[in-house]
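Student: Below are the structure tokens for one structure; questions will follow.
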Amino acid sequence: MNSILKLIGREKELFTTDIKNNSGTLEEIVSNSKFLVLGGAGSIGQAVVKEIFKRNPKKLHVVDISENNMVELVRDIRSSFGYIDGDFQTFALDIGSLEYDAFIKADGQFDYVLNLSALKHVRSEKDPYTLMRMIDVNIFNTDKTLKQSIDAGVKKYFCVSTDKAANPVNMMGASKRIMEMFLMRRSLEIDISTARFANVAFSDGSLLHSFNQRLEKRQPIVAPNDIKRYFVTPQESGELCLMSCLFGDNRDIFFPKLSESLHLISFADIAVRYLEQKGFEPVLCSSEEEARELTKTLPGQGKWPCLFTGSDTTGEKDFEEFFTDSETLDMERFENLGIIKNQAVFDSQLLLEFESTIAAMKEDLAWDKESIVELFFKMIPDFGHKETGKYLDSKM
């Protein structure tokens, strides 16, 4: 944990005070409750599962599509925490599948459902087919599991939004913004809460996570030098989700307060710190070819080739924000957690139109990105999407 904090330029954890102030209530609620965690083997999902597990829940069932990540989660929990008296089980299932529906029908008795599943990469909008899967996972699977939770009498439903849903500029952020609209519709039937937070440092598939892979495979370290982001640690992401789930009022969105502890830092700066922590001196290169070539010689000299360039790909947001000017905030309740307070504002007709338009595209087995982007603009009139024609997959 401390090594990650140093890399992202911090000395202390964000939510220590809030967790400590509410520790007794957290223990009491968790130890008397039944939890279902969806997408529980991803980086944030694993962090949430650990936060719940270590407080001895009556029941903790974890669902994730990744069989391998699930196996590692169980090994990790057994090695770190051991066992609990409660019912702990994992299921390698696709939330959108028939098998998952049968699983819910056979049991479905939970107090809290936490949905951490998502297609989170900006690059997932590059083709219309992955983009449609993003819509399915981020929007329709959320709505489906919400309805199942309502039918089963679940007390509370939590899911993760993203800072990129505030004034979205990419399809991923916009899909989460539309998901929030569907949440508002269901909030009339069940209590929901959510969270927006920064990049989770070294989460699966993230640029920082790739640094480990690049070193292991003796490949250059690549990062943008003109993009700054806020970072939280995996444990902090788990704490934020659990606090929102257990303490959030209906329709609340929790986010980390900005402070001297949470500040913007560039990917290139983290890359330099990362290499120094690993005992290497970074060497700046001017091209991919030069960087690839130098991996053959530099590591043996205690140096590592780096390529730091400007960002020009579709969907990159110049800055990060957790809320917009039009949102109502509660900044008093917690020390380091802010809360966006929401009314159940949504356009039923617009949501129905979205559902029917996507259903028609699927029925025909034919759709293009332009049609989906157009539909997103209809849902979010001030959507800031700009198509540059360039994507991260065309870079090293």
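Residues in the structure tokens are numbered from 1 in each chain, the chains being A, B, ... in the order shown, and ligands are numbered from 1 in the order shown.
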Mind the document's chain letters and residue numbers, and return as number ranges by chain the residues of region 61-243 of chain A that DSSP labels strand (DSSP E or B).

Tutor: A: 61-63, 87-91, 112-115, 156-160, 191-195, 199-200, 221-224, 228-229, 231-232

Student: Taking N, CA, C and O atoms for each residue, export the selection above as a short mmCIF file (atom, residue, chain, number, x, y, z; two decimals), in the first residue's frame.

Tutor:
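In the end it all went to out_1.cif:
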```
data_model
loop_
_atom_site.label_atom_id
_atom_site.label_comp_id
_atom_site.auth_asym_id
_atom_site.auth_seq_id
_atom_site.Cartn_x
_atom_site.Cartn_y
_atom_site.Cartn_z
N HIS A 61 -21.76 -13.61 -1.52
CA HIS A 61 -21.65 -14.32 -2.80
C HIS A 61 -21.05 -13.38 -3.83
O HIS A 61 -21.44 -12.21 -3.92
N VAL A 62 -20.10 -13.89 -4.59
CA VAL A 62 -19.38 -13.07 -5.56
C VAL A 62 -19.56 -13.65 -6.96
O VAL A 62 -19.37 -14.86 -7.17
N VAL A 63 -19.95 -12.80 -7.90
CA VAL A 63 -20.15 -13.22 -9.29
C VAL A 63 -19.21 -12.43 -10.19
O VAL A 63 -19.07 -11.21 -10.04
N ASP A 87 -21.61 -17.57 4.98
CA ASP A 87 -21.64 -18.29 3.70
C ASP A 87 -20.90 -17.49 2.64
O ASP A 87 -21.40 -16.50 2.13
N PHE A 88 -19.66 -17.93 2.32
CA PHE A 88 -18.85 -17.27 1.29
C PHE A 88 -18.72 -18.19 0.08
O PHE A 88 -18.19 -19.29 0.18
N GLN A 89 -19.23 -17.72 -1.08
CA GLN A 89 -19.15 -18.52 -2.31
C GLN A 89 -18.87 -17.61 -3.50
O GLN A 89 -19.25 -16.44 -3.52
N THR A 90 -18.21 -18.19 -4.53
CA THR A 90 -17.96 -17.45 -5.76
C THR A 90 -18.56 -18.20 -6.95
O THR A 90 -18.63 -19.44 -6.94
N PHE A 91 -18.98 -17.45 -7.96
CA PHE A 91 -19.64 -18.03 -9.14
C PHE A 91 -19.09 -17.35 -10.40
O PHE A 91 -19.18 -16.13 -10.53
N TYR A 112 -27.92 -6.50 0.43
CA TYR A 112 -27.22 -5.50 -0.38
C TYR A 112 -26.68 -6.15 -1.66
O TYR A 112 -26.05 -7.20 -1.60
N VAL A 113 -26.93 -5.49 -2.80
CA VAL A 113 -26.33 -5.92 -4.07
C VAL A 113 -25.40 -4.80 -4.52
O VAL A 113 -25.81 -3.64 -4.62
N LEU A 114 -24.13 -5.14 -4.73
CA LEU A 114 -23.15 -4.17 -5.21
C LEU A 114 -22.68 -4.59 -6.59
O LEU A 114 -22.17 -5.69 -6.78
N ASN A 115 -22.89 -3.71 -7.58
CA ASN A 115 -22.54 -4.03 -8.96
C ASN A 115 -21.29 -3.25 -9.36
O ASN A 115 -21.32 -2.04 -9.52
N LYS A 156 -30.93 -2.60 -0.60
CA LYS A 156 -30.16 -1.51 -1.21
C LYS A 156 -29.36 -2.01 -2.39
O LYS A 156 -28.81 -3.10 -2.36
N TYR A 157 -29.29 -1.21 -3.46
CA TYR A 157 -28.52 -1.54 -4.65
C TYR A 157 -27.47 -0.45 -4.85
O TYR A 157 -27.78 0.73 -4.89
N PHE A 158 -26.22 -0.88 -4.97
CA PHE A 158 -25.12 0.06 -5.21
C PHE A 158 -24.45 -0.27 -6.54
O PHE A 158 -24.27 -1.45 -6.87
N CYS A 159 -24.07 0.73 -7.28
CA CYS A 159 -23.20 0.47 -8.43
C CYS A 159 -22.24 1.64 -8.63
O CYS A 159 -22.45 2.74 -8.10
N VAL A 160 -21.20 1.40 -9.38
CA VAL A 160 -20.15 2.40 -9.59
C VAL A 160 -20.47 3.22 -10.83
O VAL A 160 -20.79 2.68 -11.88
N ASP A 191 -33.99 1.57 -2.91
CA ASP A 191 -32.94 2.53 -2.56
C ASP A 191 -31.67 2.21 -3.34
O ASP A 191 -31.22 1.05 -3.35
N ILE A 192 -31.13 3.22 -4.00
CA ILE A 192 -29.88 3.03 -4.75
C ILE A 192 -28.87 4.09 -4.29
O ILE A 192 -29.23 5.16 -3.83
N SER A 193 -27.59 3.75 -4.39
CA SER A 193 -26.54 4.75 -4.21
C SER A 193 -25.38 4.37 -5.12
O SER A 193 -25.30 3.23 -5.60
N THR A 194 -24.53 5.32 -5.38
CA THR A 194 -23.43 5.05 -6.30
C THR A 194 -22.21 5.87 -5.90
O THR A 194 -22.21 6.55 -4.87
N ALA A 195 -21.14 5.77 -6.69
CA ALA A 195 -19.91 6.49 -6.37
C ALA A 195 -19.21 6.89 -7.66
O ALA A 195 -19.24 6.16 -8.65
N ASN A 199 -9.11 7.57 -11.01
CA ASN A 199 -8.44 6.35 -11.48
C ASN A 199 -7.97 5.52 -10.29
O ASN A 199 -7.41 6.06 -9.34
N VAL A 200 -8.19 4.22 -10.37
CA VAL A 200 -7.70 3.32 -9.32
C VAL A 200 -6.29 2.88 -9.71
O VAL A 200 -6.10 2.21 -10.73
N ILE A 221 8.48 1.63 -21.41
CA ILE A 221 7.40 2.25 -20.65
C ILE A 221 6.87 3.43 -21.47
O ILE A 221 7.64 4.29 -21.90
N VAL A 222 5.56 3.44 -21.69
CA VAL A 222 4.94 4.50 -22.50
C VAL A 222 3.87 5.19 -21.67
O VAL A 222 3.10 4.54 -20.96
N ALA A 223 3.80 6.52 -21.77
CA ALA A 223 2.77 7.27 -21.03
C ALA A 223 2.57 8.64 -21.67
O ALA A 223 3.49 9.20 -22.26
N PRO A 224 1.34 9.19 -21.55
CA PRO A 224 1.11 10.56 -22.01
C PRO A 224 1.73 11.55 -21.03
O PRO A 224 1.73 11.31 -19.82
N LYS A 228 -3.19 14.82 -16.69
CA LYS A 228 -3.07 14.64 -15.25
C LYS A 228 -4.37 14.04 -14.72
O LYS A 228 -5.45 14.35 -15.20
N ARG A 229 -4.24 13.18 -13.73
CA ARG A 229 -5.41 12.49 -13.18
C ARG A 229 -5.30 12.43 -11.65
O ARG A 229 -4.22 12.52 -11.07
N PHE A 231 -5.75 9.94 -8.44
CA PHE A 231 -5.63 8.50 -8.23
C PHE A 231 -6.04 8.12 -6.82
O PHE A 231 -5.72 8.83 -5.86
N VAL A 232 -6.75 7.00 -6.71
CA VAL A 232 -7.00 6.39 -5.41
C VAL A 232 -6.39 4.99 -5.43
O VAL A 232 -6.16 4.42 -6.49
#
```

Student: Counting only C-alpha atoms, what is within 8 Å of Ser161 (chain A), bar same-chain residues fewer than 2 positions away, as a PyMOL selection string?

Tutor: chain A and resi 159+163+165+176-177+180+194-197

Student: Apply DSSP to the structure's backbone, then extract all residues of region 24-191 of chain A labelled helix (DSSP H, G or I) and return them as a ChimeraX atom specification.

Tutor: /A:24-31,43-53,67-80,98-106,122-125,128-152,163-165,171-186

Student: Which residue is closest to Ile270 (chain A)? Choose from A:Met171, A:Cys245, A:Ile253, A:Leu207 and count only C-alpha atoms.

Tutor: A:Leu207

Student: With a distance cut-off of 10 Å and only C-alpha atoms, select the neighbouring residues of Glu236 (chain A), excluding the residue or stretch itself and same-chain residues fewer than 3 positions from it, and output the selection as a PDB file with N, CA, C and O atoms, in the first residue's frame.

Tutor:
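What follows is the written file out_4.pdb:
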```
ATOM      1  N   GLU A  13      -3.478   7.639   3.595  1.00  0.00           N
ATOM      2  CA  GLU A  13      -4.699   7.164   2.953  1.00  0.00           C
ATOM      3  C   GLU A  13      -5.817   8.193   3.119  1.00  0.00           C
ATOM      4  O   GLU A  13      -5.852   8.939   4.107  1.00  0.00           O
ATOM      5  N   LEU A  14      -6.746   8.199   2.175  1.00  0.00           N
ATOM      6  CA  LEU A  14      -7.765   9.247   2.132  1.00  0.00           C
ATOM      7  C   LEU A  14      -8.849   9.134   3.195  1.00  0.00           C
ATOM      8  O   LEU A  14      -9.258  10.120   3.792  1.00  0.00           O
ATOM      9  N   PHE A  15      -9.356   7.918   3.413  1.00  0.00           N
ATOM     10  CA  PHE A  15     -10.600   7.782   4.179  1.00  0.00           C
ATOM     11  C   PHE A  15     -10.418   7.239   5.592  1.00  0.00           C
ATOM     12  O   PHE A  15     -11.374   6.813   6.231  1.00  0.00           O
ATOM     13  N   THR A  16      -9.166   7.259   6.087  1.00  0.00           N
ATOM     14  CA  THR A  16      -8.871   6.679   7.407  1.00  0.00           C
ATOM     15  C   THR A  16      -9.795   7.228   8.499  1.00  0.00           C
ATOM     16  O   THR A  16     -10.361   6.463   9.292  1.00  0.00           O
ATOM     17  N   ILE A  44     -11.573  -3.208  -8.521  1.00  0.00           N
ATOM     18  CA  ILE A  44     -12.431  -2.544  -7.538  1.00  0.00           C
ATOM     19  C   ILE A  44     -13.293  -3.592  -6.836  1.00  0.00           C
ATOM     20  O   ILE A  44     -13.471  -3.556  -5.616  1.00  0.00           O
ATOM     21  N   ALA A  47     -11.416  -5.343  -4.159  1.00  0.00           N
ATOM     22  CA  ALA A  47     -11.219  -4.456  -3.009  1.00  0.00           C
ATOM     23  C   ALA A  47     -12.492  -4.387  -2.161  1.00  0.00           C
ATOM     24  O   ALA A  47     -12.438  -4.429  -0.929  1.00  0.00           O
ATOM     25  N   VAL A  48     -13.644  -4.331  -2.822  1.00  0.00           N
ATOM     26  CA  VAL A  48     -14.931  -4.289  -2.113  1.00  0.00           C
ATOM     27  C   VAL A  48     -15.174  -5.602  -1.374  1.00  0.00           C
ATOM     28  O   VAL A  48     -15.581  -5.604  -0.200  1.00  0.00           O
ATOM     29  N   GLU A  51     -13.175  -5.722   1.771  1.00  0.00           N
ATOM     30  CA  GLU A  51     -13.709  -4.839   2.822  1.00  0.00           C
ATOM     31  C   GLU A  51     -14.903  -5.491   3.523  1.00  0.00           C
ATOM     32  O   GLU A  51     -15.093  -5.352   4.730  1.00  0.00           O
ATOM     33  N   PHE A 197     -15.389   8.023  -8.704  1.00  0.00           N
ATOM     34  CA  PHE A 197     -14.046   8.258  -8.161  1.00  0.00           C
ATOM     35  C   PHE A 197     -13.002   8.263  -9.249  1.00  0.00           C
ATOM     36  O   PHE A 197     -13.279   7.981 -10.420  1.00  0.00           O
ATOM     37  N   VAL A 200      -8.186   4.220 -10.372  1.00  0.00           N
ATOM     38  CA  VAL A 200      -7.704   3.323  -9.324  1.00  0.00           C
ATOM     39  C   VAL A 200      -6.293   2.879  -9.711  1.00  0.00           C
ATOM     40  O   VAL A 200      -6.101   2.207 -10.730  1.00  0.00           O
ATOM     41  N   PHE A 231      -5.746   9.945  -8.445  1.00  0.00           N
ATOM     42  CA  PHE A 231      -5.628   8.502  -8.234  1.00  0.00           C
ATOM     43  C   PHE A 231      -6.037   8.120  -6.824  1.00  0.00           C
ATOM     44  O   PHE A 231      -5.720   8.826  -5.855  1.00  0.00           O
ATOM     45  N   VAL A 232      -6.748   6.999  -6.712  1.00  0.00           N
ATOM     46  CA  VAL A 232      -7.004   6.392  -5.409  1.00  0.00           C
ATOM     47  C   VAL A 232      -6.391   4.995  -5.428  1.00  0.00           C
ATOM     48  O   VAL A 232      -6.160   4.421  -6.493  1.00  0.00           O
ATOM     49  N   THR A 233      -6.113   4.462  -4.247  1.00  0.00           N
ATOM     50  CA  THR A 233      -5.566   3.102  -4.170  1.00  0.00           C
ATOM     51  C   THR A 233      -6.720   2.096  -4.267  1.00  0.00           C
ATOM     52  O   THR A 233      -7.884   2.464  -4.040  1.00  0.00           O
ATOM     53  N   GLU A 239     -13.241   0.980   0.070  1.00  0.00           N
ATOM     54  CA  GLU A 239     -13.819   1.703   1.215  1.00  0.00           C
ATOM     55  C   GLU A 239     -14.889   2.681   0.755  1.00  0.00           C
ATOM     56  O   GLU A 239     -15.957   2.791   1.378  1.00  0.00           O
ATOM     57  N   LEU A 240     -14.625   3.390  -0.333  1.00  0.00           N
ATOM     58  CA  LEU A 240     -15.581   4.369  -0.864  1.00  0.00           C
ATOM     59  C   LEU A 240     -16.885   3.689  -1.278  1.00  0.00           C
ATOM     60  O   LEU A 240     -17.985   4.168  -0.974  1.00  0.00           O
ATOM     61  N   CYS A 241     -16.760   2.546  -1.959  1.00  0.00           N
ATOM     62  CA  CYS A 241     -17.953   1.809  -2.403  1.00  0.00           C
ATOM     63  C   CYS A 241     -18.766   1.313  -1.206  1.00  0.00           C
ATOM     64  O   CYS A 241     -19.999   1.440  -1.187  1.00  0.00           O
ATOM     65  N   LEU A 242     -18.088   0.752  -0.209  1.00  0.00           N
ATOM     66  CA  LEU A 242     -18.799   0.214   0.957  1.00  0.00           C
ATOM     67  C   LEU A 242     -19.486   1.330   1.746  1.00  0.00           C
ATOM     68  O   LEU A 242     -20.630   1.181   2.185  1.00  0.00           O
ATOM     69  N   PRO A 256     -14.646  11.267  -3.587  1.00  0.00           N
ATOM     70  CA  PRO A 256     -13.592  11.705  -2.667  1.00  0.00           C
ATOM     71  C   PRO A 256     -13.440  13.223  -2.724  1.00  0.00           C
ATOM     72  O   PRO A 256     -13.384  13.793  -3.814  1.00  0.00           O
TER      73      PRO A 256
END
```

Student: Would you list the contacts of Leu208 (chain A) as a ChimeraX atom specification, taking every protein, DNA or RNA residue within 8 Å and counting only C-alpha atoms, but skipping same-chain residues closer than 6 positions in sequence?

Tutor: /A:201-202,267,271

Student: Write out, as an mmCIF file, in the first residue's frame, the residues just selected, with N, CA and C atoms.

Tutor:
```
data_model
loop_
_atom_site.group_PDB
_atom_site.id
_atom_site.type_symbol
_atom_site.label_atom_id
_atom_site.label_comp_id
_atom_site.auth_asym_id
_atom_site.auth_seq_id
_atom_site.Cartn_x
_atom_site.Cartn_y
_atom_site.Cartn_z
ATOM 1 N N ALA A 201 -5.319 3.293 -8.921
ATOM 2 C CA ALA A 201 -3.914 3.046 -9.257
ATOM 3 C C ALA A 201 -3.627 1.547 -9.378
ATOM 4 N N PHE A 202 -3.035 1.168 -10.495
ATOM 5 C CA PHE A 202 -2.615 -0.207 -10.777
ATOM 6 C C PHE A 202 -3.790 -1.196 -10.853
ATOM 7 N N PHE A 267 0.682 10.910 -15.723
ATOM 8 C CA PHE A 267 1.105 9.515 -15.908
ATOM 9 C C PHE A 267 2.626 9.439 -16.072
ATOM 10 N N ALA A 271 5.335 7.285 -13.964
ATOM 11 C CA ALA A 271 6.234 6.342 -14.645
ATOM 12 C C ALA A 271 7.676 6.530 -14.175
#
```

Student: Skipping near chain neighbours, those fewer than 4 positions away, what residues fall within 10 Å of region 140-155 of chain A using only C-alpha atoms, listed as a ChimeraX atom specification?

Tutor: /A:34-35,38,94-97,100-101,104-105,107-118,133-136,159,179-180,182-183,185-187,189-192,355

Student: Nearest to Leu215 (chain A) among A:Asn250, A:Ser259, A:Phe280, A:Asp269, with distances taken over only C-alpha atoms: which residue is it?

Tutor: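 Between A:Asn250, A:Ser259, A:Phe280, A:Asp269, the residue approaching Leu215 (chain A) most closely is A:Phe280.
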